[in-house]
Every structure is written in structure tokens, then in C-alpha cells.
Amino acid sequence: MRIKRLSAAASAVLLIALGACSSGTDKSASPEDTGPVSLTFWTWAPNMDKIADAWNAGHPNIKVTVSKQSGGDETAAKFLTAAKAGNAPDIIQAEYQMLPSFVAADAVADISGDVGTAKSEFSDGIWKLVTLGTDAVYGLPQDSGPMMLYYRTDLFAKYGIEVPKTWDDYAAAARKVHAADKSVYLGGFSSKDPGWFAGLAQQAGGQWWNVDGQTWKVGINDAATTKVADFWGGLVKDGVVDTQAQWTSDWNAALSNGKLLTWSSAVWAPGVLSSNAPGGKGKWAIAPLPQWSAGENYSGFWGGSSSAVSANSKHKKAAAQFIAWMNTDPAAADLLIKQAAVYPAATKSQALLTTAPDYFSNQADFWQQASAISSTARGFTFGPDVNVAYNAYKDNFDKAIAAKSSFTDALTATQQATLADMTKAGFQVAS
């Protein structure tokens with residue numbers, strides 16, 4: 001069933017109008033929808049209990065109780081265990097890259113019949129992350145991480161470089177900066193952050209996984225991603241980009257003391273910069289990622305999560321009604337922004353962000369730019385063994401950096417490890 005679920009079309013069921021989701025109890029809904037029912041919501045975002053309180057105040061027959069989780073792989077594993085035991089929560093906050101593994105395990109429900117009309121609220125790129133290339137909908141986008149280029153305006157002026165429009169421009173600027181000062185780098189390559197690399201692959205048009213009926217195709221070393229690997233491999237080989245691990249004290253220091261001039265990161269980066277490089281306040285700005293060809297306008301995603309309904313839930317329609325409200329209603333979006341401090345996935349909700357982060361007070365249109373960039377982000381289908389792929393990426397690219405060997409070979413090894421794991425796990429995989 002884990003493969004067939006991915007290709008199964010949703011059966012015709014009662015549609016819940018999104019307008020009804022935001023205005024109280026739907027009079028046309030079935031007793032299951034109107035309650036009284038109790039729903040449990042596993043989430044790691046802060047202050048989500050306040051969002052649930054707002055829902056409960058307006059929907060007394062459908063009570064949502066938040067259970068705070070740690071997030072990441074730990075929560076994903078805990079959820080899969082609970083689903084297998086038949087006692088999973090009704091709703092789970094699911095990172096986009098983990099959602100396919102939940103689908104493959106029959107742990108989340110196809111809610112297309114209940115939230116299908118929500119598609120227009122989201123960009124095509126982020127919608128792909130919850131549909132896995134099918135007509136089924138396995139969750140609603142909750143928050144997103146569109147990628148952009150963060151750069152030091154003062155140091156760009158110092159070294160006489162322009163904001164790179166293309167990756168060729170970026171490479172030229174990297175060489176110019178490092179030639180001027182061997183201790184300074186335009187940016188860095190991270191072998192420790194596969195999600196970062198996945199976002200860059202999305203921007204280039206990579207498609208790491210595809211599913212057709214019951215057959216998976218794995219293409220981590222497709223032409224688009226190989227282009228990305230070759231580009232960074234050349235810069236690393238020439239020694240003109242930094243290769244130290246992100247999130248370390250040395251990396252923080254490089255951001256703070258002007259040794260790193262850019263960071264290709266996501267919309268959540270202001271919080272990182274304000275904490276790790278407080279002295280840079282007012283000196284950083286954002287721009288779209290450099291493009292592979294002049295005139296293009298694409299980005300990718302690094303991070304973000306969806307709200308999914310558990311296959312175990314006895315109240316799937318009520319749960320779908322709640323997540324539709326939480327992720328599309330303007331009042332709920334305002335709470336998500338102010339209380340949970342998330343960047344909402346819904347396009348209209350992003351417009352609620354008007355005042356630039358304090359760290360970027362020098363760029364008044366920060367959120368307007370971020371929203372424009374978000375609309376250009378390409379998503380792709382993640383696979384059911386994304387953790388295997390991510391671990392293989394870290395192992396193989398760590399080795400390539402240490403040995404100064406081919407990044408293309410590292411990517412091919414990552415592809416082979418992922419393909420072998422899926423075959424061993426019993427998935428039908430195209431040759």
C-alpha cells in the first residue's frame with residue numbers, strides 16, 4: 001500500500017468551503033465535522049497553543065489540543081512509531097522532506113477532497129511539496145523557506161563588487177575578493193547541510209525523485225544538480241570559497257568579522273544573523289539568488305513544514321477543517337506570524353508582513369522582496385528515504401572536500417546509495 005497510496009486519486013467526498021472554515025461551524029457539514037470532537041496536534045513551533053485557543057474560541061465543537069514536540073528527525077520517528085501502533089495524533093507538523101516517508105508508511109491521509117480548493121492560496125512550487133506530483137494532497141503548506149542571497153553592503157563597496165546577477169558573476173566576484181585578501185571569502189559551500197544543497201538544486205531545475213503510478217525514479221545526479229555540484233566543486237578546488245561547517249563558532253565569527261561577505265540562505269536567516277552576528281545590523285541586505293542564465297528568475301526552498309492529517313485520526317474532516325483555517329485564514333496567519341514567528345506559506349498571508357526585521361532596518365522593503373522571491377521558488381518531490389540521501393550527501397561531500405576530489409563523483413555516490421536503499425526497502429524503482 002505504501003506505493004499505491006501515492007498514485008491513488010481521492011474519492012469524491014464532501015468539500016469544506018474555506019470560507020466556512022474561517023467563519024465558524026459549517027452548517028452543511030456532517031456530525032463528524034461539527035463535533036463535538038477533540039483533536040491532538042503535534043507541533044514544535046512556539047506558541048501554537050495560542051493559535052489553537054483562537055480556533056477553539058470560535059469552534060467549540062472541534063477542540064484542538066497542542067502537544068509540543070522537539071521537531072526534526074526525532075519527531076518524525078516518534079510519529080511513525082505512533083502511527084504503526086495506531087495511536088498517532090490527529091494532526092502533525094511535518095517537514096516537507098519528511099512528508100513522503102509518512103505517505104509511504106500510510107501514516108498520513110489524502111485530504112484532497114477536503115482542502116483541494118486551498119491550492120490557489122499557495123505558489124505552484126510549494127504546492128508540489130505536499131502533493132508529491134500527484135492529485136492527492138497529503139498536507140497543507142504551513143511555513144516556507146525560500147532561498148535568497150544575503151550580502152554585506154559595506155564590504156561589497158569596499159571590494160568593488162556588484163550584487164551577482166548570475167552564478168558566473170558570483171564566481172568572478174569570489175575570485176576577486178579572495179585575491180584581494182586571502183582570509184576573506186565571498187561565500188561558502190556547506191557539506192553539512194543537504195537541505196541547503198537541495199534548495200540550490202531546486203533552483204537549477206533538479207528533480208531528485210519522481211513517482212509514476214507505483215514506480216519511483218531517483219535522479220539526485222540529474223543534469224541540473226550535476227551542474228550545481230560542478231560549479232561549487234570548481235570554486236572549492238580553486239580555494240576561493242569557504243568550506244568550514246555552518247553553525248560553528250568559527251563560522252559565526254566569519255559572519256561577524258567580515259570574512260564572509262554573503263550567505264545563500266532562506267527567509268528565516270535574519271534570526272540567525274541577529275543572534276550570531278549582532279554587529280552586522282544594518283550592514284546586510286537581501287537579493288535574489290544568482291541565476292544560471294541571464295534573465296531567469298528562480299529560487300528554491302531550504303526548510304519549512306506542512307500540516308498533515310494522520311491516517312489514524314477518527315476525525316479527518318474536522319482536522320482538515322482546522323488546518324485549512326490555520327494556514328489560509330488571515331486572522332490565523334496573523335497569529336502564526338506574531339506568536340509562532342513563522343514565515344507563512346500562503347501568498348496572501350505573506351503580505352501581512354510589512355515592517356522589515358530590526359536587523360534589516362536599512363532595507364524597508366525586506367518582506368516585499370522576500371515575497372517576490374518566494375513566488376519564484378521551485379519545489380520538487382522528496383523521496384521516502386530522504387534521510388538516507390541526506391546522510392550520503394554529508395559523507396560523500398565531506399570526503400570530496402577533504403580529498404579535493406570530484407564533486408560529480410560525490411553526487412553520483414549519493415545517487416547510488418539512495419537508489420540502493422530504496423531497492424532494498426522494496427520500492428519499485430525505475431532503472
# chains A, B, ... in the order shown; residues from 1 in each chain; ligands from 1

call {"tool": "residues_around", "arguments": {"residues": "segment 192-206 of chain A", "least_positions_apart": "4", "cutoff": "10 Å", "atoms": "only C-alpha atoms", "output": "PyMOL selection string"}}
result
chain A and resi 97+125+145-147+219-229+243-247+264-266+289-293+297-303+376-382+386-387+389-395+397-398

call {"tool": "write_last_selection", "arguments": {"atoms": "N, CA and C atoms", "output": "short mmCIF file (atom, residue, chain, number, x, y, z; two decimals), in the first residue's frame"}}
result
data_model
loop_
_atom_site.label_atom_id
_atom_site.label_comp_id
_atom_site.auth_asym_id
_atom_site.auth_seq_id
_atom_site.Cartn_x
_atom_site.Cartn_y
_atom_site.Cartn_z
N GLN A 97 10.46 17.58 3.60
CA GLN A 97 11.29 16.46 3.16
C GLN A 97 10.91 15.15 3.84
N GLY A 125 5.25 26.14 -6.68
CA GLY A 125 6.42 25.47 -6.16
C GLY A 125 6.19 24.81 -4.82
N GLY A 145 10.59 28.25 3.34
CA GLY A 145 11.94 28.81 3.43
C GLY A 145 12.52 29.14 2.08
N PRO A 146 11.92 30.09 1.33
CA PRO A 146 12.51 30.46 0.04
C PRO A 146 13.92 30.99 0.22
N MET A 147 14.79 30.62 -0.70
CA MET A 147 16.21 31.00 -0.58
C MET A 147 16.50 32.30 -1.31
N GLY A 219 16.73 10.66 -9.25
CA GLY A 219 17.62 11.42 -10.13
C GLY A 219 18.42 12.46 -9.40
N ILE A 220 19.02 12.08 -8.27
CA ILE A 220 19.79 13.05 -7.49
C ILE A 220 20.97 13.58 -8.30
N ASN A 221 21.49 12.78 -9.20
CA ASN A 221 22.60 13.24 -10.05
C ASN A 221 22.11 13.62 -11.44
N ASP A 222 20.90 14.19 -11.51
CA ASP A 222 20.40 14.63 -12.81
C ASP A 222 21.25 15.79 -13.34
N ALA A 223 20.99 16.19 -14.56
CA ALA A 223 21.84 17.18 -15.23
C ALA A 223 21.85 18.51 -14.46
N ALA A 224 20.69 18.93 -13.97
CA ALA A 224 20.62 20.22 -13.27
C ALA A 224 21.43 20.20 -11.99
N THR A 225 21.32 19.13 -11.21
CA THR A 225 22.05 19.05 -9.95
C THR A 225 23.53 18.84 -10.19
N THR A 226 23.87 18.09 -11.22
CA THR A 226 25.29 17.92 -11.56
C THR A 226 25.92 19.26 -11.90
N LYS A 227 25.16 20.13 -12.57
CA LYS A 227 25.65 21.47 -12.88
C LYS A 227 25.96 22.24 -11.59
N VAL A 228 25.09 22.13 -10.61
CA VAL A 228 25.31 22.80 -9.33
C VAL A 228 26.56 22.25 -8.65
N ALA A 229 26.69 20.92 -8.63
CA ALA A 229 27.84 20.29 -7.99
C ALA A 229 29.14 20.68 -8.68
N THR A 243 34.90 26.47 3.15
CA THR A 243 34.30 25.13 3.29
C THR A 243 34.08 24.72 4.75
N GLN A 244 34.25 25.66 5.67
CA GLN A 244 34.01 25.30 7.06
C GLN A 244 32.52 25.09 7.32
N ALA A 245 32.22 24.28 8.31
CA ALA A 245 30.83 23.94 8.60
C ALA A 245 30.07 25.16 9.11
N GLN A 246 28.84 25.29 8.62
CA GLN A 246 27.96 26.34 9.12
C GLN A 246 27.55 26.02 10.55
N TRP A 247 27.15 27.07 11.28
CA TRP A 247 26.62 26.96 12.64
C TRP A 247 27.70 26.77 13.70
N SER A 264 24.14 32.31 1.10
CA SER A 264 22.97 31.85 0.34
C SER A 264 22.09 31.10 1.32
N SER A 265 21.04 31.74 1.76
CA SER A 265 20.24 31.16 2.84
C SER A 265 18.76 31.36 2.56
N ALA A 266 17.94 31.13 3.58
CA ALA A 266 16.49 31.19 3.42
C ALA A 266 15.91 32.38 4.17
N LEU A 289 18.72 35.01 -5.46
CA LEU A 289 19.89 34.18 -5.74
C LEU A 289 20.41 34.50 -7.14
N PRO A 290 21.72 34.38 -7.36
CA PRO A 290 22.23 34.47 -8.73
C PRO A 290 21.55 33.41 -9.60
N GLN A 291 21.39 33.69 -10.86
CA GLN A 291 20.69 32.79 -11.78
C GLN A 291 21.67 32.02 -12.65
N TRP A 292 21.23 30.89 -13.16
CA TRP A 292 22.09 30.10 -14.03
C TRP A 292 22.18 30.68 -15.43
N SER A 293 21.16 31.39 -15.85
CA SER A 293 21.19 32.08 -17.14
C SER A 293 20.62 33.47 -16.96
N ASN A 297 14.59 33.78 -13.42
CA ASN A 297 14.18 34.27 -12.11
C ASN A 297 13.61 33.10 -11.31
N TYR A 298 14.52 32.33 -10.70
CA TYR A 298 14.12 31.16 -9.94
C TYR A 298 14.82 31.14 -8.58
N SER A 299 14.17 30.48 -7.64
CA SER A 299 14.78 30.22 -6.35
C SER A 299 14.45 28.78 -5.96
N GLY A 300 14.80 28.39 -4.74
CA GLY A 300 14.48 27.08 -4.22
C GLY A 300 14.10 27.22 -2.75
N PHE A 301 13.77 26.13 -2.11
CA PHE A 301 13.37 26.14 -0.70
C PHE A 301 14.42 25.47 0.18
N TRP A 302 14.69 26.07 1.31
CA TRP A 302 15.51 25.44 2.35
C TRP A 302 14.71 25.51 3.65
N GLY A 303 14.09 24.39 4.01
CA GLY A 303 13.30 24.37 5.23
C GLY A 303 11.83 24.60 4.98
N THR A 376 8.93 32.69 -6.82
CA THR A 376 9.77 32.11 -7.88
C THR A 376 10.40 30.79 -7.46
N ALA A 377 10.17 30.36 -6.22
CA ALA A 377 10.84 29.17 -5.71
C ALA A 377 10.26 27.90 -6.32
N ARG A 378 11.15 27.09 -6.85
CA ARG A 378 10.76 25.80 -7.38
C ARG A 378 10.84 24.75 -6.27
N GLY A 379 9.83 23.94 -6.17
CA GLY A 379 9.92 22.81 -5.27
C GLY A 379 10.20 21.55 -6.06
N PHE A 380 10.42 20.46 -5.37
CA PHE A 380 10.43 19.18 -6.05
C PHE A 380 9.94 18.08 -5.12
N THR A 381 9.71 16.91 -5.68
CA THR A 381 9.22 15.79 -4.90
C THR A 381 10.37 15.19 -4.11
N PHE A 382 10.21 15.12 -2.79
CA PHE A 382 11.18 14.41 -1.98
C PHE A 382 10.82 12.93 -2.00
N VAL A 386 14.58 10.09 2.32
CA VAL A 386 15.36 11.32 2.24
C VAL A 386 16.49 11.34 3.26
N ASN A 387 16.30 10.74 4.42
CA ASN A 387 17.37 10.72 5.42
C ASN A 387 18.59 9.96 4.93
N ALA A 389 19.48 9.70 1.77
CA ALA A 389 20.09 10.58 0.78
C ALA A 389 20.88 11.71 1.45
N TYR A 390 20.30 12.30 2.49
CA TYR A 390 20.96 13.40 3.17
C TYR A 390 22.24 12.94 3.87
N ASN A 391 22.20 11.77 4.50
CA ASN A 391 23.41 11.26 5.16
C ASN A 391 24.48 10.91 4.14
N ALA A 392 24.06 10.36 3.00
CA ALA A 392 25.01 10.03 1.95
C ALA A 392 25.65 11.30 1.39
N TYR A 393 24.85 12.35 1.25
CA TYR A 393 25.39 13.64 0.81
C TYR A 393 26.49 14.12 1.74
N LYS A 394 26.21 14.10 3.03
CA LYS A 394 27.21 14.59 4.00
C LYS A 394 28.48 13.75 3.95
N ASP A 395 28.33 12.44 3.91
CA ASP A 395 29.50 11.57 3.87
C ASP A 395 30.34 11.79 2.62
N PHE A 397 30.30 14.30 0.30
CA PHE A 397 30.87 15.62 0.06
C PHE A 397 31.91 16.00 1.10
N ASP A 398 31.79 15.47 2.30
CA ASP A 398 32.88 15.63 3.28
C ASP A 398 34.17 15.03 2.72
#

call {"tool": "residues_around", "arguments": {"residues": "Asp143 of chain A", "least_positions_apart": "5", "cutoff": "7 Å", "atoms": "only C-alpha atoms", "output": "VMD selection string"}}
result
chain A and resid 304 to 306 342 to 345

call {"tool": "closest_atom_pairs", "arguments": {"of": "segment 289-336 of chain A", "to": "segment 103-113 of chain A", "cutoff": "6 Å", "atoms": "only C-alpha atoms", "output": "Markdown table"}}
result
| residue | atom | partner | partner_atom | distance |
| --- | --- | --- | --- | --- |
| A:Val309 | CA | A:Val108 | CA | 5.6 |
| A:Ser310 | CA | A:Val108 | CA | 4.3 |
| A:Ala311 | CA | A:Val108 | CA | 4.5 |

call {"tool": "write_last_selection", "arguments": {"atoms": "C-alpha atoms", "output": "PDB file, in the first residue's frame"}}
result
ATOM      1  CA  VAL A 309      -3.750  14.792   8.983  1.00  0.00           C
ATOM      2  CA  SER A 310      -2.952  11.405  10.461  1.00  0.00           C
ATOM      3  CA  ALA A 311      -4.363   8.331   8.775  1.00  0.00           C
TER       4      ALA A 311
END

call {"tool": "select_by_dssp", "arguments": {"residues": "segment 85-332 of chain A", "states": "alpha helix (DSSP H)", "output": "PyMOL selection string"}}
result
chain A and resi 85+99-104+112-115+124-131+153-159+167-180+194-204+223-238+249-256+269-276+316-328+330-332

call {"tool": "write_last_selection", "arguments": {"atoms": "C-alpha atoms", "output": "CSV table (one decimal), in the first residue's frame"}}
result
chain,number,residue,atom,x,y,z
A,85,ALA,CA,0.8,1.4,16.9
A,99,LEU,CA,6.2,14.0,4.3
A,100,PRO,CA,6.9,11.4,1.6
A,101,SER,CA,8.2,8.9,4.2
A,102,PHE,CA,4.9,9.4,6.1
A,103,VAL,CA,2.9,8.8,2.9
A,104,ALA,CA,4.9,5.7,2.1
A,112,SER,CA,-7.6,16.5,-1.3
A,113,GLY,CA,-11.4,16.2,-1.0
A,114,ASP,CA,-11.4,18.5,2.0
A,115,VAL,CA,-8.8,21.1,1.2
A,124,ASP,CA,3.0,26.2,-7.5
A,125,GLY,CA,6.4,25.5,-6.2
A,126,ILE,CA,5.3,25.0,-2.6
A,127,TRP,CA,2.2,23.1,-3.6
A,128,LYS,CA,4.4,20.5,-5.2
A,129,LEU,CA,5.9,19.8,-1.8
A,130,VAL,CA,2.6,18.5,-0.4
A,131,THR,CA,1.3,16.7,-3.4
A,153,THR,CA,26.6,46.1,1.5
A,154,ASP,CA,29.6,47.8,3.1
A,155,LEU,CA,32.0,45.1,2.1
A,156,PHE,CA,30.7,44.9,-1.4
A,157,ALA,CA,31.5,48.6,-1.7
A,158,LYS,CA,34.9,48.0,-0.2
A,159,TYR,CA,35.9,45.3,-2.6
A,167,TRP,CA,26.4,32.3,-10.8
A,168,ASP,CA,29.1,33.2,-13.3
A,169,ASP,CA,29.1,36.7,-11.8
A,170,TYR,CA,29.3,35.1,-8.4
A,171,ALA,CA,32.3,33.0,-9.3
A,172,ALA,CA,34.1,36.1,-10.7
A,173,ALA,CA,33.3,38.1,-7.6
A,174,ALA,CA,34.5,35.2,-5.4
A,175,ARG,CA,37.9,35.1,-7.1
A,176,LYS,CA,38.2,38.9,-7.0
A,177,VAL,CA,37.5,39.1,-3.3
A,178,HIS,CA,39.8,36.2,-2.3
A,179,ALA,CA,42.6,37.6,-4.5
A,180,ALA,CA,42.4,40.9,-2.6
A,194,PRO,CA,22.0,18.7,2.5
A,195,GLY,CA,18.8,20.8,2.7
A,196,TRP,CA,20.8,23.8,1.6
A,197,PHE,CA,22.2,21.9,-1.4
A,198,ALA,CA,18.7,20.6,-2.2
A,199,GLY,CA,17.4,24.1,-2.4
A,200,LEU,CA,20.1,25.1,-4.8
A,201,ALA,CA,19.3,22.0,-6.9
A,202,GLN,CA,15.6,23.0,-7.0
A,203,GLN,CA,16.6,26.5,-8.2
A,204,ALA,CA,18.6,24.9,-11.1
A,223,ALA,CA,21.8,17.2,-15.2
A,224,ALA,CA,20.6,20.2,-13.3
A,225,THR,CA,22.0,19.1,-9.9
A,226,THR,CA,25.3,17.9,-11.6
A,227,LYS,CA,25.7,21.5,-12.9
A,228,VAL,CA,25.3,22.8,-9.3
A,229,ALA,CA,27.8,20.3,-8.0
A,230,ASP,CA,30.3,21.0,-10.8
A,231,PHE,CA,30.1,24.8,-10.1
A,232,TRP,CA,30.8,24.6,-6.4
A,233,GLY,CA,33.4,21.9,-6.9
A,234,GLY,CA,35.3,24.2,-9.2
A,235,LEU,CA,35.3,27.0,-6.6
A,236,VAL,CA,36.3,24.7,-3.8
A,237,LYS,CA,39.1,23.2,-5.9
A,238,ASP,CA,40.4,26.7,-6.6
A,249,SER,CA,31.7,29.3,16.4
A,250,ASP,CA,34.3,29.8,13.6
A,251,TRP,CA,31.6,30.3,11.1
A,252,ASN,CA,29.8,32.7,13.3
A,253,ALA,CA,33.0,34.7,13.7
A,254,ALA,CA,33.5,34.8,10.0
A,255,LEU,CA,30.0,36.3,9.6
A,256,SER,CA,30.7,38.8,12.3
A,269,ALA,CA,18.1,33.9,8.2
A,270,PRO,CA,17.5,37.3,9.9
A,271,GLY,CA,17.1,35.5,13.2
A,272,VAL,CA,20.4,33.6,12.8
A,273,LEU,CA,22.3,36.7,11.8
A,274,SER,CA,20.9,38.8,14.6
A,275,SER,CA,21.9,36.2,17.1
A,276,ASN,CA,25.2,35.1,15.6
A,316,LYS,CA,-10.1,13.6,9.4
A,317,LYS,CA,-12.6,16.1,8.1
A,318,ALA,CA,-12.6,18.1,11.3
A,319,ALA,CA,-8.8,18.0,11.3
A,320,ALA,CA,-8.7,19.2,7.7
A,321,GLN,CA,-11.0,22.0,8.6
A,322,PHE,CA,-8.7,23.2,11.3
A,323,ILE,CA,-5.5,23.1,9.2
A,324,ALA,CA,-7.3,24.9,6.3
A,325,TRP,CA,-8.2,27.7,8.8
A,326,MET,CA,-4.8,27.8,10.3
A,327,ASN,CA,-2.9,28.0,7.0
A,328,THR,CA,-5.3,30.2,4.9
A,330,PRO,CA,-6.0,36.0,7.6
A,331,ALA,CA,-6.6,36.1,11.3
A,332,ALA,CA,-4.9,32.7,11.8

call {"tool": "atom_distance", "arguments": {"atom1": "atom CA of Ile286 of chain A", "atom2": "atom CA of Gln369 of chain A"}}
result
8.0 Å

call {"tool": "atom_distance", "arguments": {"atom1": "atom CA of Lys78 of chain A", "atom2": "atom CA of Asp53 of chain A"}}
result
25.1 Å

call {"tool": "closest_residue", "arguments": {"among": "A:Thr75, A:Ser70, A:Thr134, A:Asn87", "to": "Lys314 of chain A", "atoms": "only C-alpha atoms"}}
result
A:Asn87

call {"tool": "closest_residue", "arguments": {"among": "A:Thr248, A:Thr40, A:Thr117, A:Asp421", "to": "Ala52 of chain A", "atoms": "only C-alpha atoms"}}
result
A:Thr40

call {"tool": "closest_residue", "arguments": {"among": "A:Val66, A:Val37, A:Ala82, A:Met148", "to": "Asp49 of chain A", "atoms": "only C-alpha atoms"}}
result
A:Val66
